[in-house]
>>> print(open('start-v1.cif').read())   # mmCIF, C-alpha atoms
data_start
#
loop_
_atom_site.label_atom_id
_atom_site.label_comp_id
_atom_site.auth_asym_id
_atom_site.auth_seq_id
_atom_site.Cartn_x
_atom_site.Cartn_y
_atom_site.Cartn_z
CA MET A 18 -146.01 8.86 -40.41
CA LEU A 19 -148.49 6.05 -40.69
CA THR A 20 -152.19 6.30 -40.06
CA PRO A 21 -154.51 3.55 -38.75
CA SER A 22 -156.24 3.35 -42.13
CA GLY A 23 -152.91 3.22 -43.96
CA VAL A 24 -151.83 0.29 -41.84
CA ARG A 25 -155.17 -1.47 -42.26
CA ASN A 26 -155.21 -1.03 -46.03
CA ALA A 27 -151.59 -2.02 -46.71
CA LYS A 28 -151.73 -4.84 -49.29
CA PRO A 29 -149.16 -7.63 -49.75
CA GLN A 30 -146.84 -7.56 -52.74
CA ALA A 31 -144.58 -10.08 -54.45
CA THR A 32 -141.78 -9.20 -52.03
CA ALA A 33 -141.82 -7.90 -48.47
CA TYR A 34 -141.76 -4.12 -48.08
CA LYS A 35 -141.59 -1.53 -45.31
CA LEU A 36 -143.85 1.37 -44.37
CA ALA A 37 -141.91 3.80 -42.17
CA ASP A 38 -143.50 5.51 -39.16
CA GLY A 39 -140.41 7.39 -37.96
CA ARG A 40 -137.87 7.16 -35.11
CA GLY A 41 -136.71 3.78 -36.42
CA MET A 42 -140.13 2.09 -36.42
CA TYR A 43 -141.76 0.62 -39.51
CA LEU A 44 -144.43 -1.88 -40.58
CA LEU A 45 -143.06 -4.87 -42.48
CA VAL A 46 -145.67 -6.24 -44.88
CA LYS A 47 -144.87 -9.77 -46.01
CA PRO A 48 -146.05 -11.52 -49.22
CA ASN A 49 -148.36 -13.78 -47.20
CA GLY A 50 -150.20 -10.71 -45.87
CA SER A 51 -148.80 -10.76 -42.32
CA LYS A 52 -147.80 -7.38 -40.90
CA TRP A 53 -144.97 -7.01 -38.39
CA TRP A 54 -143.98 -3.99 -36.35
CA ARG A 55 -140.20 -3.53 -36.30
CA LEU A 56 -137.77 -1.09 -34.67
CA ASP A 57 -134.25 -0.56 -36.02
CA TYR A 58 -131.83 0.85 -33.45
CA ARG A 59 -128.16 1.12 -32.60
CA ARG A 60 -126.99 -1.06 -29.71
CA PRO A 61 -125.99 1.17 -26.75
CA GLY A 62 -122.30 2.01 -26.70
CA THR A 63 -121.61 0.43 -30.11
CA LYS A 64 -121.97 1.12 -33.81
CA LYS A 65 -123.83 -2.14 -34.37
CA ARG A 66 -127.40 -2.09 -35.65
CA ASN A 67 -130.14 -4.33 -34.32
CA THR A 68 -133.83 -4.90 -35.03
CA LEU A 69 -136.49 -5.40 -32.34
CA SER A 70 -139.90 -6.94 -32.96
CA LEU A 71 -142.76 -4.85 -31.53
CA GLY A 72 -145.49 -7.37 -32.33
CA THR A 73 -147.85 -8.10 -35.21
CA TYR A 74 -150.84 -6.19 -36.59
CA PRO A 75 -153.75 -6.25 -35.77
CA ASP A 76 -152.88 -7.80 -32.38
CA VAL A 77 -150.74 -4.72 -31.75
CA SER A 78 -152.28 -1.49 -33.00
CA LEU A 79 -150.37 1.48 -34.38
CA LYS A 80 -150.81 3.30 -31.08
CA GLN A 81 -149.56 0.33 -29.07
CA ALA A 82 -146.58 -0.15 -31.40
CA ARG A 83 -145.61 3.50 -30.89
CA GLU A 84 -145.82 3.08 -27.13
CA ARG A 85 -143.54 0.06 -27.33
CA ARG A 86 -141.16 2.01 -29.54
CA GLU A 87 -140.92 4.85 -27.03
CA GLU A 88 -140.35 2.44 -24.16
CA ALA A 89 -137.52 0.76 -26.12
CA ARG A 90 -135.97 4.15 -26.92
CA ARG A 91 -136.07 5.08 -23.22
CA GLN A 92 -134.20 1.88 -22.43
CA ILE A 93 -131.61 2.64 -25.11
CA ALA A 94 -131.13 6.15 -23.71
CA GLU A 95 -130.38 4.56 -20.32
CA GLY A 96 -127.76 2.29 -21.90
CA ILE A 97 -129.97 -0.81 -21.90
CA ASP A 98 -130.25 -2.92 -25.04
CA PRO A 99 -133.99 -3.76 -25.31
CA GLY A 100 -133.16 -6.89 -27.31
CA ASP A 101 -130.86 -8.22 -24.60
CA LEU A 102 -133.40 -7.27 -21.94
CA ARG A 103 -136.10 -9.24 -23.72
CA LYS A 104 -133.87 -12.31 -23.97
CA ALA A 105 -133.01 -12.08 -20.27
CA GLU A 106 -136.69 -11.77 -19.32
CA ALA A 107 -137.58 -14.76 -21.48
CA LEU A 108 -134.94 -16.82 -19.70
CA SER A 109 -135.75 -15.51 -16.23
CA GLY A 110 -135.95 -18.31 -13.72
CA ALA A 111 -134.66 -20.89 -16.18
CA GLU A 112 -131.58 -22.95 -15.43
CA THR A 113 -130.59 -23.52 -19.04
CA PHE A 114 -127.03 -23.08 -20.22
CA GLU A 115 -127.97 -19.84 -22.00
CA ALA A 116 -129.71 -18.37 -18.95
CA ILE A 117 -126.75 -19.11 -16.69
CA ALA A 118 -124.27 -17.88 -19.32
CA ARG A 119 -126.08 -14.57 -19.70
CA GLU A 120 -126.26 -14.16 -15.94
CA TRP A 121 -122.53 -14.89 -15.62
CA HIS A 122 -121.76 -12.49 -18.45
CA ALA A 123 -123.81 -9.69 -16.85
CA LYS A 124 -121.92 -10.15 -13.56
CA HIS A 125 -118.56 -9.65 -15.25
CA VAL A 126 -119.35 -6.98 -17.85
CA PRO A 127 -118.34 -4.10 -15.50
CA THR A 128 -114.81 -5.53 -15.27
CA TRP A 129 -114.33 -6.09 -19.01
CA SER A 130 -113.78 -3.76 -21.93
CA LYS A 131 -116.81 -3.33 -24.20
CA ALA A 132 -114.98 -4.99 -27.08
CA HIS A 133 -114.07 -8.06 -25.01
CA ALA A 134 -117.60 -8.39 -23.62
CA GLU A 135 -119.12 -8.19 -27.09
CA ARG A 136 -116.68 -10.69 -28.61
CA LEU A 137 -117.31 -13.17 -25.82
CA MET A 138 -121.09 -12.97 -26.02
CA GLY A 139 -120.89 -13.06 -29.81
CA ARG A 140 -119.06 -16.39 -29.69
CA LEU A 141 -121.63 -17.86 -27.30
CA GLU A 142 -124.59 -16.62 -29.37
CA LYS A 143 -123.13 -17.92 -32.62
CA ASP A 144 -121.47 -21.16 -31.63
CA VAL A 145 -122.97 -22.38 -28.35
CA PHE A 146 -126.53 -21.23 -27.66
CA PRO A 147 -128.04 -22.65 -30.88
CA TRP A 148 -126.89 -26.15 -29.86
CA ILE A 149 -126.97 -26.41 -26.05
CA GLY A 150 -128.36 -23.03 -24.95
CA ARG A 151 -131.87 -24.33 -24.18
CA LYS A 152 -130.72 -27.43 -22.34
CA PRO A 153 -130.66 -27.55 -18.51
CA ILE A 154 -127.08 -26.83 -17.52
CA GLY A 155 -127.11 -29.48 -14.80
CA GLY A 156 -127.79 -32.20 -17.37
CA LEU A 157 -125.01 -31.31 -19.80
CA ALA A 158 -122.01 -33.65 -20.04
CA ALA A 159 -118.60 -33.54 -21.71
CA PRO A 160 -119.83 -35.08 -25.03
CA ASP A 161 -122.42 -32.29 -25.37
CA VAL A 162 -119.75 -29.61 -25.13
CA LEU A 163 -117.32 -31.58 -27.29
CA ALA A 164 -119.87 -31.68 -30.11
CA VAL A 165 -120.04 -27.87 -29.96
CA LEU A 166 -116.26 -27.53 -30.05
CA ARG A 167 -115.83 -29.98 -32.92
CA ARG A 168 -118.41 -28.11 -34.96
CA ILE A 169 -116.37 -24.91 -34.55
CA ASP A 170 -113.08 -26.68 -35.30
CA ALA A 171 -114.54 -28.28 -38.43
CA ARG A 172 -114.96 -24.89 -40.07
CA GLY A 173 -111.28 -24.09 -39.51
CA ALA A 174 -111.73 -21.85 -36.44
CA ARG A 175 -109.55 -23.84 -34.03
CA ASP A 176 -108.51 -20.82 -31.99
CA THR A 177 -112.19 -19.94 -31.50
CA ALA A 178 -112.89 -23.51 -30.43
CA HIS A 179 -110.30 -23.23 -27.67
CA ARG A 180 -111.68 -19.88 -26.54
CA VAL A 181 -115.23 -21.23 -26.45
CA HIS A 182 -113.94 -24.18 -24.40
CA GLN A 183 -112.63 -21.66 -21.85
CA HIS A 184 -115.88 -19.66 -21.87
CA CYS A 185 -117.98 -22.77 -21.31
CA GLY A 186 -115.77 -23.79 -18.40
CA GLN A 187 -116.26 -20.39 -16.79
CA VAL A 188 -120.03 -20.67 -17.18
CA PHE A 189 -120.11 -24.18 -15.72
CA ARG A 190 -117.96 -23.14 -12.75
CA TYR A 191 -120.31 -20.23 -12.10
CA ALA A 192 -123.25 -22.64 -12.24
CA VAL A 193 -121.55 -24.93 -9.72
CA ALA A 194 -120.77 -22.01 -7.41
CA THR A 195 -124.40 -20.83 -7.51
CA GLY A 196 -125.90 -24.29 -7.01
CA ARG A 197 -127.31 -24.79 -10.50
CA ALA A 198 -124.91 -27.59 -11.52
CA SER A 199 -123.01 -30.27 -9.67
CA HIS A 200 -119.81 -30.30 -11.75
CA ASP A 201 -117.87 -28.72 -14.60
CA PRO A 202 -117.44 -31.22 -17.49
CA THR A 203 -114.97 -29.11 -19.49
CA PRO A 204 -111.69 -30.26 -17.83
CA ALA A 205 -112.32 -33.72 -19.30
CA LEU A 206 -112.06 -32.16 -22.77
CA ARG A 207 -108.46 -31.00 -22.42
CA GLY A 208 -106.61 -32.27 -25.47
CA ALA A 209 -109.80 -33.17 -27.34
CA ILE A 210 -109.22 -30.30 -29.77
CA PRO A 211 -105.66 -30.13 -31.20
CA PRO A 212 -103.63 -27.11 -30.06
CA THR A 213 -103.30 -24.07 -32.26
CA ARG A 214 -99.97 -22.89 -33.53
CA ALA A 215 -98.76 -19.86 -31.66
CA LYS A 216 -99.09 -16.69 -33.71
CA HIS A 217 -96.38 -14.08 -33.33
CA HIS A 218 -96.68 -10.51 -34.50
CA ALA A 219 -93.90 -9.75 -36.94
CA SER A 220 -91.29 -7.54 -35.32
CA ILE A 221 -87.81 -6.19 -35.95
CA THR A 222 -85.46 -6.78 -33.02
CA ASP A 223 -82.04 -6.49 -34.64
CA PRO A 224 -80.59 -3.10 -33.54
CA ASP A 225 -79.20 -2.21 -36.98
CA ARG A 226 -82.55 -2.90 -38.62
CA ILE A 227 -84.39 -0.98 -35.90
CA GLY A 228 -82.29 2.04 -36.83
CA GLU A 229 -83.32 1.62 -40.48
CA LEU A 230 -86.96 1.35 -39.42
CA LEU A 231 -86.83 4.50 -37.28
CA ARG A 232 -85.24 6.52 -40.06
CA ALA A 233 -87.93 5.27 -42.44
CA LEU A 234 -90.68 6.32 -40.00
CA ASP A 235 -89.20 9.81 -39.75
CA GLY A 236 -89.18 10.05 -43.53
CA TYR A 237 -92.79 9.02 -44.04
CA GLN A 238 -94.28 11.30 -46.72
CA GLY A 239 -97.96 10.70 -46.07
CA SER A 240 -100.24 12.38 -43.55
CA PRO A 241 -98.32 14.18 -40.77
CA ILE A 242 -100.82 12.74 -38.29
CA THR A 243 -99.98 9.21 -39.43
CA ARG A 244 -96.27 10.04 -39.27
CA ALA A 245 -96.73 11.18 -35.65
CA ALA A 246 -98.45 7.88 -34.83
CA LEU A 247 -95.57 5.98 -36.44
CA GLN A 248 -93.02 7.98 -34.44
CA LEU A 249 -94.88 7.60 -31.14
CA ALA A 250 -95.54 3.85 -31.48
CA PRO A 251 -91.99 2.65 -30.69
CA LEU A 252 -91.65 5.16 -27.83
CA VAL A 253 -94.74 3.99 -25.91
CA PHE A 254 -95.20 0.42 -27.27
CA VAL A 255 -98.88 0.23 -26.31
CA ARG A 256 -101.31 -1.97 -28.23
CA PRO A 257 -102.30 -0.54 -31.63
CA GLY A 258 -105.92 -0.04 -30.54
CA GLU A 259 -104.82 1.89 -27.46
CA LEU A 260 -102.60 4.13 -29.57
CA ARG A 261 -105.13 5.02 -32.24
CA ARG A 262 -107.88 5.70 -29.69
CA ALA A 263 -105.71 7.96 -27.50
CA GLU A 264 -107.50 11.17 -26.45
CA TRP A 265 -105.99 14.54 -25.55
CA PRO A 266 -107.67 14.75 -22.10
CA GLU A 267 -105.76 11.57 -21.15
CA VAL A 268 -102.39 13.20 -21.85
CA ASP A 269 -100.56 15.59 -19.50
CA LEU A 270 -97.54 16.92 -21.35
CA ASP A 271 -96.32 18.93 -18.35
CA LYS A 272 -96.27 15.78 -16.20
CA ALA A 273 -95.03 13.73 -19.17
CA GLU A 274 -97.73 11.14 -18.58
CA TRP A 275 -100.50 9.42 -20.50
CA ARG A 276 -103.21 7.79 -18.36
CA ILE A 277 -105.35 5.32 -20.30
CA PRO A 278 -108.74 4.58 -18.65
CA GLY A 279 -109.58 0.99 -17.86
CA GLU A 280 -112.40 0.70 -20.39
CA LYS A 281 -109.88 1.14 -23.21
CA MET A 282 -107.48 -1.51 -21.95
CA LYS A 283 -107.63 -5.16 -22.94
CA MET A 284 -108.32 -6.42 -19.43
CA GLY A 285 -110.18 -3.39 -18.10
CA SER A 286 -107.52 -1.95 -15.74
CA PRO A 287 -106.28 1.66 -16.10
CA HIS A 288 -102.72 2.08 -17.34
CA ILE A 289 -100.04 4.75 -16.94
CA VAL A 290 -97.60 5.43 -19.78
CA PRO A 291 -94.64 7.62 -18.72
CA LEU A 292 -93.69 9.84 -21.65
CA SER A 293 -90.05 10.36 -22.55
CA THR A 294 -88.87 13.78 -23.66
CA GLN A 295 -88.90 12.43 -27.22
CA ALA A 296 -92.52 11.31 -26.89
CA VAL A 297 -93.51 14.69 -25.47
CA ALA A 298 -91.80 16.39 -28.41
CA VAL A 299 -93.79 14.29 -30.89
CA LEU A 300 -97.03 15.20 -29.11
CA ARG A 301 -96.20 18.91 -28.93
CA ASP A 302 -95.64 18.88 -32.68
CA LEU A 303 -98.93 17.04 -33.13
CA ALA A 304 -100.98 19.36 -30.89
CA PRO A 305 -101.40 22.18 -33.47
CA LEU A 306 -102.84 19.62 -35.91
CA THR A 307 -105.30 17.74 -33.69
CA GLY A 308 -105.11 19.30 -30.21
CA THR A 309 -108.44 21.11 -30.49
CA GLY A 310 -110.28 17.82 -31.07
CA ARG A 311 -110.87 14.70 -29.04
CA TYR A 312 -108.43 12.22 -30.55
CA LEU A 313 -104.68 12.51 -30.96
CA PHE A 314 -105.00 10.55 -34.19
CA PRO A 315 -108.43 11.22 -35.73
CA GLY A 316 -109.65 9.52 -38.87
CA LEU A 317 -109.00 10.99 -42.27
CA ARG A 318 -112.71 11.35 -43.09
CA THR A 319 -114.04 12.58 -39.77
CA ARG A 320 -112.39 13.85 -36.62
CA SER A 321 -115.18 12.46 -34.47
CA ARG A 322 -113.64 8.99 -34.77
CA PRO A 323 -110.09 7.69 -34.29
CA MET A 324 -107.94 6.65 -37.21
CA SER A 325 -108.58 3.29 -38.84
CA GLU A 326 -107.05 0.20 -37.26
CA ASN A 327 -105.27 -0.43 -40.57
CA THR A 328 -103.61 2.98 -40.87
CA VAL A 329 -100.31 2.19 -39.14
CA ASN A 330 -99.89 -1.19 -40.83
CA ALA A 331 -100.73 0.34 -44.21
CA ALA A 332 -98.09 3.04 -43.63
CA LEU A 333 -95.50 0.37 -42.76
CA ARG A 334 -96.32 -1.44 -46.01
CA ARG A 335 -95.96 1.84 -47.89
CA LEU A 336 -92.50 2.22 -46.36
CA GLY A 337 -91.52 -1.23 -47.61
CA PHE A 338 -91.99 -3.33 -44.47
CA ASP A 339 -94.23 -6.28 -45.34
CA ARG A 340 -96.51 -8.08 -42.88
CA ASP A 341 -93.91 -10.78 -42.24
CA THR A 342 -91.32 -8.17 -41.26
CA MET A 343 -93.05 -5.57 -39.09
CA THR A 344 -96.53 -4.78 -37.78
CA GLY A 345 -98.01 -2.11 -35.57
CA HIS A 346 -98.15 -4.66 -32.76
CA GLY A 347 -94.51 -5.53 -33.38
CA PHE A 348 -93.27 -2.43 -31.52
CA ARG A 349 -94.30 -4.21 -28.31
CA SER A 350 -92.23 -7.29 -29.11
CA MET A 351 -89.33 -5.07 -30.08
CA ALA A 352 -89.36 -3.26 -26.74
CA SER A 353 -89.98 -6.40 -24.70
CA THR A 354 -87.12 -8.31 -26.32
CA LEU A 355 -84.48 -5.59 -26.04
CA LEU A 356 -85.46 -4.24 -22.62
CA ASN A 357 -85.20 -7.75 -21.20
CA GLU A 358 -81.83 -8.21 -22.88
CA GLN A 359 -80.65 -4.92 -21.40
CA GLY A 360 -81.42 -6.10 -17.89
CA TRP A 361 -84.38 -3.97 -16.86
CA HIS A 362 -86.58 -5.32 -14.06
CA ARG A 363 -88.88 -7.90 -15.61
CA ASP A 364 -91.86 -6.78 -13.51
CA ALA A 365 -91.38 -3.20 -14.68
CA ILE A 366 -91.33 -4.35 -18.31
CA GLU A 367 -94.40 -6.53 -17.89
CA ARG A 368 -96.26 -3.74 -16.12
CA GLN A 369 -95.38 -1.27 -18.87
CA LEU A 370 -96.64 -3.74 -21.45
CA ALA A 371 -99.89 -3.91 -19.42
CA HIS A 372 -99.89 -7.68 -19.46
CA ALA A 373 -102.84 -9.12 -17.56
CA GLU A 374 -102.62 -9.97 -13.88
CA ARG A 375 -104.49 -13.09 -12.83
CA ASP A 376 -105.22 -11.62 -9.40
CA ALA A 377 -107.69 -8.71 -9.52
CA VAL A 378 -106.33 -7.22 -6.28
CA ARG A 379 -102.77 -7.37 -7.57
CA ALA A 380 -103.90 -5.84 -10.88
CA ALA A 381 -105.38 -2.84 -9.04
CA TYR A 382 -102.19 -2.47 -6.99
CA ASN A 383 -100.05 -2.72 -10.11
CA TYR A 384 -101.76 0.30 -11.68
CA ALA A 385 -98.83 2.47 -10.57
CA GLU A 386 -96.40 -0.22 -9.40
CA HIS A 387 -92.76 0.21 -10.47
CA LEU A 388 -93.65 3.67 -11.79
CA PRO A 389 -90.31 5.36 -10.86
CA GLU A 390 -88.43 2.46 -12.48
CA ARG A 391 -90.72 2.62 -15.51
CA ARG A 392 -90.11 6.36 -15.95
CA LYS A 393 -86.35 5.75 -16.03
CA MET A 394 -86.80 2.81 -18.36
CA MET A 395 -88.99 4.68 -20.85
CA GLN A 396 -86.54 7.58 -21.07
CA ALA A 397 -83.57 5.25 -21.42
CA TRP A 398 -85.45 3.32 -24.11
CA ALA A 399 -86.16 6.50 -26.08
CA ASP A 400 -82.49 7.54 -25.80
CA TYR A 401 -81.44 4.10 -26.99
CA LEU A 402 -83.73 4.35 -30.02
CA ASP A 403 -82.18 7.75 -30.80
CA SER A 404 -78.73 6.16 -30.75
CA LEU A 405 -79.86 3.52 -33.22
CA ARG A 406 -81.48 6.10 -35.48
CA ASP A 407 -78.59 8.54 -35.45
CA VAL A 408 -75.66 6.16 -35.77
CA PRO A 409 -76.32 3.79 -38.70
CA GLY A 410 -74.55 0.47 -38.30
CA LYS A 411 -73.43 1.13 -34.73
CA VAL A 412 -75.19 -0.37 -31.74
CA VAL A 413 -75.00 1.66 -28.56
CA PRO A 414 -76.17 -0.64 -25.76
CA ILE A 415 -77.65 0.70 -22.55
CA HIS A 416 -77.75 -1.07 -19.23
CA ARG A 417 -79.63 -0.13 -16.13
CA LYS A 418 -77.58 0.27 -13.00
CA ALA A 419 -77.97 -2.57 -10.56
CA HIS A 420 -80.04 -1.67 -7.54
#
>>> encode(input="start-v1.cif", output="structure tokens")
Amino acid sequence: MLTPSGVRNAKPQATAYKLADGRGMYLLVKPNGSKWWRLDYRRPGTKKRNTLSLGTYPDVSLKQARERREEARRQIAEGIDPGDLRKAEALSGAETFEAIAREWHAKHVPTWSKAHAERLMGRLEKDVFPWIGRKPIGGLAAPDVLAVLRRIDARGARDTAHRVHQHCGQVFRYAVATGRASHDPTPALRGAIPPTRAKHHASITDPDRIGELLRALDGYQGSPITRAALQLAPLVFVRPGELRRAEWPEVDLDKAEWRIPGEKMKMGSPHIVPLSTQAVAVLRDLAPLTGTGRYLFPGLRTRSRPMSENTVNAALRRLGFDRDTMTGHGFRSMASTLLNEQGWHRDAIERQLAHAERDAVRAAYNYAEHLPERRKMMQAWADYLDSLRDVPGKVVPIHRKAH
């Protein structure tokens, strides 16, 4: 720990250096002789690191810096990012684009997943705030926003440019609704940035080839935990992130049901996955390996974290399926394509895929909508996959009975 005399007598060197005081705080001594108090911390709810300035010496003494450190740590313990809080306080009362954007973001964070909220704010902080963030939102016009979008597009990030266009429109509409702006200039920019080419996740949808894939998954010679993930993926066709972060408390094998909480879902709504008898069998075989821990599919290095996002795709490559043939996300396209061909109720398929509802009320209602139909569909789908696996070269179609 530092002492007042140690801080006072710290001399500059050719390069900046740190003098640690503990609990993340240190004194940064720069070559020009200036001394800055800094606090390194982990942003609440994430693995990301951040640094907070606690002031400069001698304006802020060692004692005062420690008090500021403890206050920041209390905020972190309460789930508040002291860096974000400082930015919000600095913008308080302002009607700049950044101030309104942060206010709008804070209003919607409870309805979004953490990952979505962080990605959205990250885009604004990187690509928008440096250019128009300090300008009064009411005085911004279409050319101001277009300059931002073109700057993003120029670096080859066209998809990001389109997303930022959407984000800006949402902020402007919020400003109009709250009386801080008179209009939204973003509709005038439609078509200003060329469209992006649609990206499709590689997927196998030919029944004969699906049978080959399923047999390959069963024969995977790597980790048995990875093999279980490979076997479960086509049976539940959830998003890869939802699969790898699955937790045992979410699964009820007796009820044959997996309930994914809203914070793990792309759009923040909870999701029910009916489990076929085949899926339950995979999970019962997996339970002796990971059932005493938190995650169904823990990482190879530590069981306190889920498996890597690359694990399933890497296993597919190891089995000989390249990225243009099959991906972990491709199990969703596989199921969607064939279930629609087989005549299952489109709403039931869409609900099982957890595709976003535009209407928040309808999304809440849809949490368990079509559940009886979905249970039948998931079991029939698993039986169909068995027929493809067990009878090479022979397609055994299934059709739901008309209601």
>>> atom_distance(input="start-v1.cif", atom1="atom CA of A:Gly173", atom2="atom CA of A:Asp144")
13.2 Å
>>> atom_distance(input="start-v1.cif", atom1="atom CA of A:Thr294", atom2="atom CA of A:Ser404")
14.5 Å
>>> resolve_selection(input="start-v1.cif", expression="the PyMOL selection byres ((chain A and resi 391) around 10)", output="PyMOL selection string")
chain A and resi 289-292+361-362+364-366+368-369+385-390+392-397
>>> write_last_selection(input="start-v1.cif", atoms="C-alpha atoms", output="short mmCIF file (atom, residue, chain, number, x, y, z; two decimals), keeping the file's coordinate frame")
data_model
loop_
_atom_site.label_atom_id
_atom_site.label_comp_id
_atom_site.auth_asym_id
_atom_site.auth_seq_id
_atom_site.Cartn_x
_atom_site.Cartn_y
_atom_site.Cartn_z
CA ILE A 289 -100.04 4.75 -16.94
CA VAL A 290 -97.60 5.43 -19.78
CA PRO A 291 -94.64 7.62 -18.72
CA LEU A 292 -93.69 9.84 -21.65
CA TRP A 361 -84.38 -3.97 -16.86
CA HIS A 362 -86.58 -5.32 -14.06
CA ASP A 364 -91.86 -6.78 -13.51
CA ALA A 365 -91.38 -3.20 -14.68
CA ILE A 366 -91.33 -4.35 -18.31
CA ARG A 368 -96.26 -3.74 -16.12
CA GLN A 369 -95.38 -1.27 -18.87
CA ALA A 385 -98.83 2.47 -10.57
CA GLU A 386 -96.40 -0.22 -9.40
CA HIS A 387 -92.76 0.21 -10.47
CA LEU A 388 -93.65 3.67 -11.79
CA PRO A 389 -90.31 5.36 -10.86
CA GLU A 390 -88.43 2.46 -12.48
CA ARG A 392 -90.11 6.36 -15.95
CA LYS A 393 -86.35 5.75 -16.03
CA MET A 394 -86.80 2.81 -18.36
CA MET A 395 -88.99 4.68 -20.85
CA GLN A 396 -86.54 7.58 -21.07
CA ALA A 397 -83.57 5.25 -21.42
#
>>> closest_residue(input="start-v1.cif", among="A:Gly239, A:Pro224, A:Pro278, A:Gly39", to="A:Glu358", atoms="all atoms listed in the file")
A:Pro224
>>> axis_aligned_box(input="start-v1.cif", around="stretch 18-30 of chain A", padding_each_side="5 Å", output="JSON")
{"center_x": -151.1, "center_y": 0.6, "center_z": -45.7, "size_x": 20.2, "size_y": 26.5, "size_z": 24.0}
>>> closest_residue(input="start-v1.cif", among="A:Gly285, A:Gly150, A:Gly186, A:Gly96", to="A:Pro202", atoms="only C-alpha atoms")
A:Gly186
>>> closest_residue(input="start-v1.cif", among="A:Pro204, A:Pro315, A:Gly196, A:Pro29", to="A:Pro160", atoms="all atoms listed in the file")
A:Pro204
>>> resolve_selection(input="start-v1.cif", expression="the PyMOL selection byres ((chain A and resi 203) around 9)", output="JSON, numbers by chain")
{"A": [158, 159, 162, 163, 182, 183, 185, 186, 189, 201, 202, 204, 205, 206, 207]}
>>> resolve_selection(input="start-v1.cif", expression="the PyMOL selection byres ((chain A and resi 181) around 10)", output="list in words")
Leu137, Arg140, Leu141, Asp144, Val145, Val162, Val165, Leu166, Ile169, Arg175, Asp176, Thr177, Ala178, His179, Arg180, His182, Gln183, His184, Cys185, Gly186 and Gln187 of chain A
>>> atom_distance(input="start-v1.cif", atom1="atom CA of A:Thr68", atom2="atom CA of A:Thr128")
27.4 Å
>>> closest_residue(input="start-v1.cif", among="A:Ser22, A:Ser350, A:Thr113, A:Thr243", to="A:Ala198", atoms="all atoms listed in the file")
A:Thr113
>>> residues_around(input="start-v1.cif", residues="stretch 44-47 of chain A", least_positions_apart="5", cutoff="10 Å", atoms="all atoms listed in the file", output="ChimeraX atom specification")
/A:19,24,27-38,52-56,71-74,79,82
>>> residues_around(input="start-v1.cif", residues="A:Leu336", least_positions_apart="4", cutoff="10 Å", atoms="all atoms listed in the file", output="MDAnalysis selection string")
chainID A and resid 230 233:234 236:238 330:332
